[in-house]
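In what follows, a single structure is set out as structure tokens and then discussed.
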Amino acid sequence: MPLNLTDFNQFYVINKICGQEKQRHYLEALGRKEFQIYFQPKISGKSQKIASAEVLIRWKRADGELWFPDSFLPILEETGEIEALDYYVYEAAFQWLANRRSAGLKLLPLSLNVSPVHFRKIHTFTKKVLQLIQKYEIPSEYLVFEITETTYIHNIEAVNSMIRFFHEQNIRISMDDFGSGYSSLNTLKDILFDEVKIDKRFLSDDLTEKGKIVLQEIFHLLKRTNKFIVCEGVETKEMVDFLIQEGCDELQGYYYYKPMEMGKFEEYSLYVNNRDFLAGDKVLTFTDLDGRLLAMKPDVTLSVINNTSATEETREKLYYIENVYRE
Ligand code: C2E
Ligand code: CA
Ligand code: CA
């Protein structure tokens with residue numbers, strides 16, 4: 001006899017079954033390394049250059065489909081399995097930094113998300129993270145851990161003791177999604193966070209005059225308490241202009257870059273220290289005759305071509321790239 005379920009119960013049961021399915025797939029996928037880290041650049045408000053990046057997880061399924069965190073993280077959080085996934089992400093990020101260092105490239109600070117489940121066993125978490133940092137010999141100034149405001153509100157003591165531990169290691173902590181939960185502004189005076197990341201919902205609607213006033217006051221408060229200010233969800237030029245004018249330290253959002261695969265991010269971060277490049281510039285990358293990866297703006301290729309030190313073959317390649325770009 002069919003079960004007589006109300007709509008709500010049906011929804012609940014279906015959700016549970018889907019959840020169990022996803023959970024089973026997840027364990028297999030972790031073994032098959034179907035999870036990939038993506039990078040979303042964060043841009044310095046002052047220089048308009050890539051200053052750092054946030055690491056975000058994606059599930060690249062065997063059939064090629066890309067799954068976004070919102071479709072699988074809630075289930076993994078419920079079952080506690082996100083714990084292993086977070087370590088997987090940290091290890092992949094540390095490996096990336098270590099590879100970059102051994103290639104002689106400048107390091108770039110990375111922001112990493114911390115799931116709320118870790119606050120149930122802080123000791124295990126801090127020990128594990130420290131082991132990974134030591135294994136890959138990552139300098140602490142290149143790491144920022146992001147903890148959401150909601151997690152903080154529900155675990156104030158545990159979060160604070162984790163922050164103290166990280167501060168002892170000289171690692172910075174960011175309060176993610178600030179303004180999305182129910183924290184009282186009063187808590188700002190006590191928080192130990194180094195950085196505050198304003199939730200994207202503050203910027204999601206058109207910036208109204210009132211919206212601007214609210215942001216200005218929040219900035220004022222954060223500046224006076226010496227917090228580094230990051231805004232995420234930056235999508236328009238109007239937002240960029242306003243945030244820069246108000247002294248936002250770093251900006252992150254589709255206006256500049258969407259989260260991207262490691263390979264793509266490597267191309268962008270290659271020229272990160274080149275004074276000529278600005279965020280959002282079109283860039284050409286290719287390997288020169290010695291196998292070195294080169295990056296340049298299309299309008300500077302010609303001057304390189306004219307550089308007498310370029311070999312004949314390199315010049316040919318550059319002409320080719322230049323022409324492809326122009327088409
Ligand atoms: P989050 O930490 O707030 O990350 C920012 C989210 O905003 C990302 O979504 C990013 O793709 C999206 N975003 C960036 N710029 C814009 C923009 O201009 N407009 C809009 N509308 N959205 C923008 P994503 O990658 O889907 O991640 C969703 C959430 O999943 C993250 O929110 C984070 O809470 C969680 N998450 C992602 N990766 C990890 C991870 O490795 N570990 C843990 N624990 N959580 C993760
Ligand atoms: Ca985040
Ligand atoms: Ca966020």
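Starting from 1 in every chain, residues are counted up; chains themselves are A, B, ... following the order of the structure tokens, and ligands are numbered from 1 as listed.
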**OP:** Show which residues sit within 8 Å of Arg61 of chain A, as a ChimeraX atom specification. Count only C-alpha atoms, and ignore same-chain residues fewer than 3 positions away.
**Re:** /A:29,34,64-67
**OP:** Just the residues within 8 Å of Thr150 of chain A, please, counting only C-alpha atoms, with nothing from its chain fewer than 4 positions along; format it as a VMD selection string.
**Re:** chain A and resid 154 180 to 183
**OP:** Taking the chain letters and numbering used in this document, name the residues of segment 101-219 of chain A that DSSP puts in strand (DSSP E or B), as a ChimeraX atom specification.
**Re:** /A:110-113,143-148,172-178,195-198
**OP:** Give me the residues within 12 Å of Asp241 of chain A as an MDAnalysis selection string, counting only C-alpha atoms and dropping any in the same chain fewer than 3 places off.
**Re:** chainID A and resid 45:46 48 207 212 234:238 244:248 251 255
Subject >> Selection: 7 Å around Pro41 of chain A, only C-alpha atoms, excl. self and same-chain fewer than 2 positions, as an MDAnalysis selection string >> reply: chainID A and resid 39 43 50 52:54 252 257
Selection export as a JSON list (two decimals), in the first residue's frame, atoms kept: N, CA, C and O atoms:
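File written: result-v3.json
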```
[["chain", "number", "residue", "atom", "x", "y", "z"],
["A", 39, "PHE", "N", 39.84, 29.01, -8.28],
["A", 39, "PHE", "CA", 40.38, 30.22, -7.66],
["A", 39, "PHE", "C", 39.59, 31.43, -8.13],
["A", 39, "PHE", "O", 39.34, 31.57, -9.32],
["A", 43, "ILE", "N", 41.00, 41.59, -5.79],
["A", 43, "ILE", "CA", 41.73, 42.71, -6.38],
["A", 43, "ILE", "C", 42.01, 43.80, -5.34],
["A", 43, "ILE", "O", 41.11, 44.17, -4.59],
["A", 50, "ILE", "N", 45.70, 41.96, -9.05],
["A", 50, "ILE", "CA", 45.36, 40.78, -8.27],
["A", 50, "ILE", "C", 46.23, 40.73, -7.02],
["A", 50, "ILE", "O", 47.47, 40.77, -7.13],
["A", 52, "SER", "N", 45.29, 38.58, -4.14],
["A", 52, "SER", "CA", 45.17, 37.27, -3.50],
["A", 52, "SER", "C", 44.03, 36.53, -4.19],
["A", 52, "SER", "O", 43.53, 37.00, -5.20],
["A", 53, "ALA", "N", 43.62, 35.37, -3.63],
["A", 53, "ALA", "CA", 42.51, 34.64, -4.26],
["A", 53, "ALA", "C", 41.79, 33.81, -3.22],
["A", 53, "ALA", "O", 42.39, 33.39, -2.23],
["A", 54, "GLU", "N", 40.49, 33.60, -3.46],
["A", 54, "GLU", "CA", 39.75, 32.67, -2.60],
["A", 54, "GLU", "C", 39.68, 31.32, -3.30],
["A", 54, "GLU", "O", 39.46, 31.25, -4.52],
["A", 252, "GLN", "N", 36.19, 41.53, -4.75],
["A", 252, "GLN", "CA", 36.10, 40.21, -5.37],
["A", 252, "GLN", "C", 34.74, 40.11, -6.04],
["A", 252, "GLN", "O", 33.73, 40.43, -5.42],
["A", 257, "TYR", "N", 36.61, 38.91, -12.13],
["A", 257, "TYR", "CA", 36.81, 37.52, -12.55],
["A", 257, "TYR", "C", 35.80, 36.61, -11.86],
["A", 257, "TYR", "O", 35.50, 36.80, -10.68]]
```
